[in-house]
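Participant: Dropping the structure in here first, questions after.
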Amino acid sequence: MTQPAAATPTGTVTVRVPAKVNVQLSVGGLRPDGFHGLANVFLAVGLYDSVSATRAEEPRLTVSGPDAALVPQDRTNLAARAAELLAERHGLAPDVHLHIAKDIPVAGGMAGGSADAAGALLACDRLWGLNTPREELLALCAELGSDVPFSFAGGAALGEGRGEVLTPLEVGGAFHWVFAVADGGLSTPDVYRECDRLRADDDVPEPVASEALLAALRAGDAQALAGALRNDLQPAALSLRPSLAETLNTGLAAGALAALVSGSGPTCAFLAADADSAARTAHTLTASGTCRAARATTSPAPGATVV
């Protein structure tokens with residue numbers, strides 16, 4: 001039987017969590033466990049959700065912000081599952097009101113749901129006064145989903161296994177990005193299935209991190225990074241949503257150094273040379289009608305942070 005959290009802090013704890021872009025997403029073949037082996041180079045970027053935890057008499061979840069209506073507000077939400085998992089691990093009742101203020105695109109390939117789960121874990125841990133060790137929190141993140149550990153850690157990292165085994169990476173400077181948000185989302189499982197279909201007759205190699213890409217990150221060299229970007233899921237995302245090709249071409253024509261689908265899409269990411277170029281690219285994309293909105297920001301960004 002779970003017990004209510006006693007002698008814990010009152011009030012509200014708010015945690016800010018970043019979106020991510022995959023500057024390399026190399027996808028191996030389908031494993032016996034149903035996952036794919038990955039070499040996944042993550043960069044956290046300066047688009048954030050905020051997750052607030054307040055003590056309550058029963059579990060409750062609310063959402064505000066763009067596309068809030070598209071976010072489940074019940075136990076299927078990954079943030080709610082994170083609170084339940086943490087409470088179960090410590091023998092507590094998961095009586096908390098979680099409020100998610102959304103700014104990361106929903107179902108956009110930028111790990112917004114994973115970010116919310118990471119934020120909920122840290123917010124509830126602080127609210128309930130648990131002081132769970134960081135490595136244990138990261139292990140709980142991995143139980144929740146492949147992208148959740150990176151959403152917690154932030155910065156830059158190589159994700160191996162199914163993406164949850166993280167190695168922090170050195171980044172030598174800020175990179176400027178524009179993210180073009182599409183209407184509607186893409187299902188990550190659908191994109192992986194389409195990737196498998198498109199590669200059914202191929203000999204899929206074991207995924208490994210690109211040394212050229214890692215060197216570009218260390219040097220803070222945007223031109224070199226532009227030449228090394230890779231997303232093995234991009235052909236599948238374009239197959240399911242052909243209109244994304246026009247978005248990618250529009251951003252490149254506006255002066256972006258490189259363009260790719262972010263993760264499983266449909267958000268498209270554009271690497272820019274500097275802040276001015278990013279602003280011009282965002283303006284052109286917004287005016288083009290090829291996307292719903294375009295946002296300029298930088299990377300790397302910190303992971304889950306109490307604010």
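Chain labels follow the order of the structure tokens: the first chain is A, the next B, and so on; residue numbering restarts at 1 in every chain, and ligands are counted from 1 in their shown order.
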Please build the interface table for segment 92-204 of chain A against segment 244-251 of chain A with a cut-off of 9 Å, listing for each qualifying residue the nearest atom pair and the distance in Å to one decimal; count only C-alpha atoms, order rows by chain and increasing number, and write it as JSON lines.
Facilitator:
```
{"residue": "A:Val178", "atom": "CA", "partner": "A:Gly251", "partner_atom": "CA", "distance": 8.8}
{"residue": "A:Ala180", "atom": "CA", "partner": "A:Thr247", "partner_atom": "CA", "distance": 7.7}
{"residue": "A:Ala182", "atom": "CA", "partner": "A:Leu244", "partner_atom": "CA", "distance": 8.2}
```
Participant: Within 10 Å of segment 252-264 of chain A, which residues of segment 5-57 of chain A come that close, and what is the closest atom pair and distance in Å for each? Count only C-alpha atoms and give it as CSV.
Facilitator:
```
residue,atom,partner,partner_atom,distance
A:Lys20,CA,A:Ser262,CA,8.4
A:Val21,CA,A:Ser262,CA,5.8
A:Asn22,CA,A:Gly263,CA,5.8
A:Val23,CA,A:Ser262,CA,8.2
A:Gln24,CA,A:Gly263,CA,9.0
A:Leu25,CA,A:Gly263,CA,7.2
A:Asn40,CA,A:Gly263,CA,9.5
A:Phe42,CA,A:Gly263,CA,9.7
```
Participant: Compare A:Ala272, A:Val191, A:Ala282, A:Ala224 by their minimum atom-to-atom distance to Thr298 of chain A, counting only C-alpha atoms, and give me the closest one.
Facilitator: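 Ranked by minimum distance to Thr298 of chain A, first place goes to A:Ala272.
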Participant: Using only C-alpha atoms, which of A:Val13, A:Asp203, A:Asp190, A:Ala142 sits nearest Trp128 of chain A?
Facilitator: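 So, comparing all the options, the nearest one is A:Val13.
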Participant: Can you pull out every residue from segment 46-234 of chain A that DSSP, working from the backbone, puts in strand (DSSP E or B), and format the result as a PyMOL selection string?
Facilitator: chain A and resi 46-55+60-64+92+96-101+154+156-160+165-168+175-181+230-231
Participant: Between A:Leu225, A:Leu214, A:Val71, A:Ala294, which one has atoms that come closest to Gly185 of chain A, using only C-alpha atoms?
Facilitator: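 Checking each of A:Leu225, A:Leu214, A:Val71, A:Ala294 against Gly185 of chain A, counting only C-alpha atoms, the winner is A:Val71.
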Participant: Give me, as number ranges by chain, all polymer residues having an atom no more than 10 Å from Ala123 of chain A, counting only C-alpha atoms and skipping those fewer than 6 positions away in the same chain.
Facilitator: A: 12-16, 50-54, 83, 98, 117, 129, 304-307
Participant: Fewer than 2 positions away in the same chain doesn't count, so skip those; otherwise give me all residues within 8 Å of Leu166 of chain A, counting only C-alpha atoms, as a PyMOL selection string.
Facilitator: chain A and resi 149-150+157-160+163-164+168
Participant: Counting only C-alpha atoms, which residue out of A:Lys102, A:Arg230, A:Arg134, A:Arg126 sits closest to Leu70 of chain A?
Facilitator: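 Going through A:Lys102, A:Arg230, A:Arg134, A:Arg126 one by one, the smallest distance to Leu70 of chain A is for A:Lys102.
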Participant: With DSSP run on the backbone, what are the alpha helix (DSSP H) residues within segment 2-87 of chain A? I'd like them as a compact mmCIF listing (two decimals) with N, CA and C atoms, in the first residue's frame.
Facilitator:
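Dumped to result25.txt:
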```txt
# COMPACT_ATOMS: atom_id res chain seq x y z
N LEU A 78 3.04 10.89 -20.88
CA LEU A 78 4.31 10.38 -20.35
C LEU A 78 4.73 11.09 -19.07
N ALA A 79 4.34 12.34 -18.92
CA ALA A 79 4.65 13.06 -17.67
C ALA A 79 3.90 12.44 -16.49
N ALA A 80 2.63 12.09 -16.70
CA ALA A 80 1.86 11.43 -15.64
C ALA A 80 2.48 10.08 -15.29
N ARG A 81 2.92 9.35 -16.31
CA ARG A 81 3.56 8.07 -16.06
C ARG A 81 4.87 8.25 -15.30
N ALA A 82 5.58 9.34 -15.56
CA ALA A 82 6.82 9.61 -14.84
C ALA A 82 6.56 9.83 -13.35
N ALA A 83 5.52 10.61 -13.04
CA ALA A 83 5.18 10.84 -11.63
C ALA A 83 4.79 9.54 -10.95
N GLU A 84 4.01 8.71 -11.63
CA GLU A 84 3.60 7.42 -11.07
C GLU A 84 4.81 6.53 -10.83
N LEU A 85 5.74 6.50 -11.79
CA LEU A 85 6.91 5.64 -11.65
C LEU A 85 7.78 6.07 -10.48
N LEU A 86 8.00 7.37 -10.34
CA LEU A 86 8.82 7.87 -9.23
C LEU A 86 8.13 7.58 -7.89
N ALA A 87 6.81 7.82 -7.82
CA ALA A 87 6.08 7.57 -6.58
C ALA A 87 6.13 6.08 -6.22
```
Participant: What is the atom CA of Ala44 of chain A-atom CA of Gly109 of chain A distance in Å, reported with one decimal?
Facilitator: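 Distance reported for this atom pair: 12.7 Å.
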Participant: Measuring atom to atom with only C-alpha atoms, identify which of A:Val96, A:Cys124, A:Gly173, A:Ser210 is nearest to Asn231 of chain A.
Facilitator: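 Answer, going by the shortest atom-to-atom distance: A:Ser210.
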Participant: Looking at A:Phe179, A:Gly46, A:Leu38, A:Pro189, which one is nearest to Ala278 of chain A, with distances taken over only C-alpha atoms?
Facilitator: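 Ranked by minimum distance to Ala278 of chain A, first place goes to A:Phe179.
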Participant: Take atom CA of Leu127 of chain A and atom CA of Val17 of chain A and report the distance between them in Å, one decimal.
Facilitator: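 So the answer is 16.6 Å.
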Participant: Between atom CA of Leu169 of chain A and atom CA of Ala219 of chain A, what is the distance, to one decimal in Å?
Facilitator: 11.6 Å
